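Notes follow once the structure below has been shown.
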Amino acid sequence: MLTLFRRHLKACPHTSRNYRRCKCPISVEGTLGGVEIRKALDLTSWDAAQTVVREWEVRGKMTGAIAPSIEEAIQQFEADCIARGVRDSTMVLIRRVLAHFFAWCEGKGLRRLAQITIEEARTYRAGWTYAQVTAVKKLERLRGFFRFCEESGWVERNVFARIKSPVVKQKPTMPFTDDEMERMLAACDEFPNKGVYGFDTGKRLKAFILCLRYSGLRRTDAVSLSSARVSDGKIFLYTQKTGTPVWVPVPPFVVDAMEAVRRGEYYFWTGNGGLKAATSSWDRGVRKLMKLAGVKGHIHMFRDTFAVSLLLKGTPIEDVAILLGHSDPKVTWKSYAPFVKERQERLEERVRATWPEEKPKFKVIEGGAS
């Protein structure tokens with residue numbers, strides 16, 4: 001049996017250990033698992049202290065660290081992510097997931113990590129209405145948060161690690177066809193002049209989609225591409241995700257198109273304002289261009305087209321992974337396996353190996369051949 005009591009400070013007018021309404025530190029004393037305990041909890045909230053002691057009594061022992069509230073744990077996790085150098089764009093997604101989780105906990109009256117059981121985790125997941133791919137990503141980020149809590153000694157196990165991921169049916173990544181590329185390039189000449197410059201909008205769009213198609217850059221990396229990273233007909237790819245430096249050659253007409261629209265240090269960004277806002281502006285422009293050209297798709301398909309064109313020419317998937325900035329070739333294989341020429345040729349060869357060396361002889365009988 002464990003008993004909570006307050007150790008009143010000298011400045012506190014109260015002296016009774018049973019008085020609870022002040023903010024003096026809380027201690028616990030009693031017996032747990034046959035062991036005498038008298039310990040300061042470093043807490044001032046009576047509810048928080050009761051949750052900690054209740055957790056100890058359920059487990060039959062004291063935990064190594066007193067867990068903070070869910071809100072405090074989220075703040076510490078986000079601070080750790082920033083200290084580790086997690087990208088701003090990723091931090092936005094992490095904060096969004098954890099804010100939704102915290103709001104759900106508040107609505108359920110859950111304020112301590114110990115209150116998040118496997119049943120509560122399943123209940124939370126059951127309320128999702130996301131697409132399967134989105135649900136997988138959300139689950140991965142919650143696992144990461146609770147892994148941090150587990151490593152900090154605040155929880156004994158990662159409850160979300162025990163939640164099974166949704167079944168995702170991976171659709172093959174489809175590139176733009178040559179006809180679709182030609183239609184979009186032709187539509188650039190008809191695109192109305194809009195944007196910060198007010199002229200040559202179609203010309204800049206043409207340079208932008210050519211850069212995406214022949215360099216394989218992610219859209220944000222393309223928007224922030226500077227002239228210092230282009231030399232001798234090659235673009236220096238230093239991807240933010242992997243930090244791997246690679247040079248990729250691009251056709252001369254692509255470099256010419258990019259140089260024709262450059263107005264400063266960057267090809268597709270003024271350098272003023274946020275990069276995220278500039279990237280969103282290019283997204284809108286490309287969507288309008290596709291609509292004008294009668295092409296269905298999205299901006300990432302230029303990168304897909306770059307990857308597929310390499311694979312169809314027999315480029316090893318490991319090399320394509322480096323050019324795309326994937327940290328693991330498995331990521332590349334997952335998206336582009338149907339287009340790996342070596343794989344297709346190997347499958348065809350194995351099928352041919354089952355064929356007989358000579359043409360089989362058939363006997364003609366009543367009712368047909370046998």
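Residue names in the structure tokens use chain letters A, B, ... in the order shown, residue numbers from 1 in each chain, and ligand numbers from 1 in the order shown.
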
Need to verify the contact set: region 7-15 of chain A, 9 Å, only C-alpha atoms, exclusion of same-chain residues closer than 6 positions in sequence. Can you return it as a ChimeraX atom specification? /A:22-27,40

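By chain and then residue number, the residues within 12 Å of Thr270 (chain A) are Gly195, Val196, Tyr197, Val223, Ser224, Leu225, Ser226, Val261, Arg262, Arg263, Gly264, Glu265, Tyr266, Tyr267, Phe268, Asn272, Gly273, Gly274, Leu275, Ala277, Ala278 and Thr279 of chain A, counting only C-alpha atoms and disregarding those fewer than 2 positions away in sequence.
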
Please report the interatomic distance between CA of Arg183 (chain A) and CA of Asp232 (chain A) in Å with one decimal. 29.2 Å

Enter the distance from CA of Glu72 (chain A) to CA of Cys149 (chain A), in Å, rounded to one decimal. 11.0 Å

Counting only C-alpha atoms, what is within 12 Å of Lys39 (chain A), bar same-chain residues fewer than 4 positions away, as a VMD selection string? chain A and resid 2 to 7 25 to 31 43 49 53 62 66

Selection export as a PDB file, in the first residue's frame, atoms kept: N, CA, C and O atoms:
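Generated output (selection_26.pdb):
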ATOM      1  N   LEU A   2       0.651   2.110  -0.951  1.00  0.00           N
ATOM      2  CA  LEU A   2       1.425   3.337  -1.071  1.00  0.00           C
ATOM      3  C   LEU A   2       0.538   4.531  -0.728  1.00  0.00           C
ATOM      4  O   LEU A   2      -0.626   4.583  -1.114  1.00  0.00           O
ATOM      5  N   THR A   3       1.127   5.491  -0.024  1.00  0.00           N
ATOM      6  CA  THR A   3       0.394   6.684   0.403  1.00  0.00           C
ATOM      7  C   THR A   3       1.110   7.931  -0.094  1.00  0.00           C
ATOM      8  O   THR A   3       2.322   8.076   0.058  1.00  0.00           O
ATOM      9  N   LEU A   4       0.335   8.837  -0.687  1.00  0.00           N
ATOM     10  CA  LEU A   4       0.882  10.105  -1.152  1.00  0.00           C
ATOM     11  C   LEU A   4       0.737  11.162  -0.070  1.00  0.00           C
ATOM     12  O   LEU A   4      -0.238  11.176   0.685  1.00  0.00           O
ATOM     13  N   PHE A   5       1.688  12.072  -0.003  1.00  0.00           N
ATOM     14  CA  PHE A   5       1.588  13.203   0.924  1.00  0.00           C
ATOM     15  C   PHE A   5       2.458  14.347   0.405  1.00  0.00           C
ATOM     16  O   PHE A   5       3.379  14.135  -0.380  1.00  0.00           O
ATOM     17  N   ARG A   6       2.143  15.552   0.855  1.00  0.00           N
ATOM     18  CA  ARG A   6       2.912  16.729   0.434  1.00  0.00           C
ATOM     19  C   ARG A   6       3.964  17.062   1.484  1.00  0.00           C
ATOM     20  O   ARG A   6       3.687  17.030   2.688  1.00  0.00           O
ATOM     21  N   ARG A   7       5.153  17.411   1.019  1.00  0.00           N
ATOM     22  CA  ARG A   7       6.215  17.911   1.899  1.00  0.00           C
ATOM     23  C   ARG A   7       6.215  19.423   1.740  1.00  0.00           C
ATOM     24  O   ARG A   7       6.731  19.959   0.752  1.00  0.00           O
ATOM     25  N   PRO A  25       5.825  20.090  -3.246  1.00  0.00           N
ATOM     26  CA  PRO A  25       6.186  18.810  -3.869  1.00  0.00           C
ATOM     27  C   PRO A  25       5.547  17.611  -3.159  1.00  0.00           C
ATOM     28  O   PRO A  25       5.316  17.657  -1.949  1.00  0.00           O
ATOM     29  N   ILE A  26       5.299  16.569  -3.951  1.00  0.00           N
ATOM     30  CA  ILE A  26       4.623  15.378  -3.448  1.00  0.00           C
ATOM     31  C   ILE A  26       5.623  14.234  -3.285  1.00  0.00           C
ATOM     32  O   ILE A  26       6.495  14.036  -4.134  1.00  0.00           O
ATOM     33  N   SER A  27       5.456  13.485  -2.199  1.00  0.00           N
ATOM     34  CA  SER A  27       6.270  12.289  -1.959  1.00  0.00           C
ATOM     35  C   SER A  27       5.351  11.096  -1.773  1.00  0.00           C
ATOM     36  O   SER A  27       4.125  11.244  -1.644  1.00  0.00           O
ATOM     37  N   VAL A  28       5.938   9.900  -1.742  1.00  0.00           N
ATOM     38  CA  VAL A  28       5.176   8.671  -1.559  1.00  0.00           C
ATOM     39  C   VAL A  28       5.894   7.806  -0.535  1.00  0.00           C
ATOM     40  O   VAL A  28       7.127   7.804  -0.453  1.00  0.00           O
ATOM     41  N   GLU A  29       5.121   7.088   0.251  1.00  0.00           N
ATOM     42  CA  GLU A  29       5.710   6.150   1.196  1.00  0.00           C
ATOM     43  C   GLU A  29       4.809   4.937   1.308  1.00  0.00           C
ATOM     44  O   GLU A  29       3.604   4.999   0.983  1.00  0.00           O
ATOM     45  N   GLY A  30       5.360   3.829   1.750  1.00  0.00           N
ATOM     46  CA  GLY A  30       4.590   2.603   1.907  1.00  0.00           C
ATOM     47  C   GLY A  30       5.408   1.400   1.497  1.00  0.00           C
ATOM     48  O   GLY A  30       6.648   1.438   1.463  1.00  0.00           O
ATOM     49  N   THR A  31       4.703   0.318   1.179  1.00  0.00           N
ATOM     50  CA  THR A  31       5.339  -0.935   0.800  1.00  0.00           C
ATOM     51  C   THR A  31       4.844  -1.361  -0.575  1.00  0.00           C
ATOM     52  O   THR A  31       3.638  -1.347  -0.845  1.00  0.00           O
ATOM     53  N   LEU A  43       6.968  15.901  -8.357  1.00  0.00           N
ATOM     54  CA  LEU A  43       5.714  16.332  -8.962  1.00  0.00           C
ATOM     55  C   LEU A  43       4.974  17.233  -7.994  1.00  0.00           C
ATOM     56  O   LEU A  43       5.136  17.117  -6.770  1.00  0.00           O
ATOM     57  N   ALA A  49       0.583  12.537  -9.716  1.00  0.00           N
ATOM     58  CA  ALA A  49       1.207  11.656  -8.720  1.00  0.00           C
ATOM     59  C   ALA A  49       0.385  10.387  -8.539  1.00  0.00           C
ATOM     60  O   ALA A  49       0.936   9.280  -8.423  1.00  0.00           O
ATOM     61  N   VAL A  53       1.760   6.490  -9.164  1.00  0.00           N
ATOM     62  CA  VAL A  53       1.686   5.463  -8.121  1.00  0.00           C
ATOM     63  C   VAL A  53       0.777   4.318  -8.553  1.00  0.00           C
ATOM     64  O   VAL A  53       1.061   3.144  -8.286  1.00  0.00           O
ATOM     65  N   MET A  62       8.538  -0.102  -8.959  1.00  0.00           N
ATOM     66  CA  MET A  62       8.739   1.272  -9.409  1.00  0.00           C
ATOM     67  C   MET A  62       9.393   1.252 -10.782  1.00  0.00           C
ATOM     68  O   MET A  62      10.256   0.423 -11.058  1.00  0.00           O
ATOM     69  N   ILE A  66      10.075   8.704 -13.940  1.00  0.00           N
ATOM     70  CA  ILE A  66       8.711   9.197 -13.795  1.00  0.00           C
ATOM     71  C   ILE A  66       8.303   9.840 -15.106  1.00  0.00           C
ATOM     72  O   ILE A  66       8.925  10.806 -15.566  1.00  0.00           O
TER      73      ILE A  66
END

Can you list, as a count of residues only, every residue of region 145-359 of chain A that DSSP puts in strand (DSSP E)? 12

Spatial neighbours of Asp189 (chain A), max dist 10 Å, only C-alpha atoms, sep filter under 2 positions, as a PyMOL selection string: chain A and resi 184-187+191-192+200-203+205-206

Å distance separating CA of Val250 (chain A) from CA of Ile235 (chain A), one decimal place: 7.2 Å

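Residue neighbourhood of region 297-314 of chain A, excluding near-sequence residues (fewer than 4 positions): Pro175, Phe176, Leu212, Arg213, Tyr214, Gly216, Val340 and Lys341 of chain A, at 6 Å, using only C-alpha atoms.
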
List every residue of region 178-354 of chain A that DSSP, applied to the backbone of this structure, assigns to alpha helix (DSSP H), and report them as number ranges by chain. A: 178-188, 201-215, 219-223, 252-261, 275-293, 301-312, 317-324, 329-336, 341-352

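Residue nearest Leu237 (chain A) within the list A:Glu55, A:Arg162, A:Gly325, A:Ile94: A:Gly325 [criterion: smallest interatomic distance, only C-alpha atoms].
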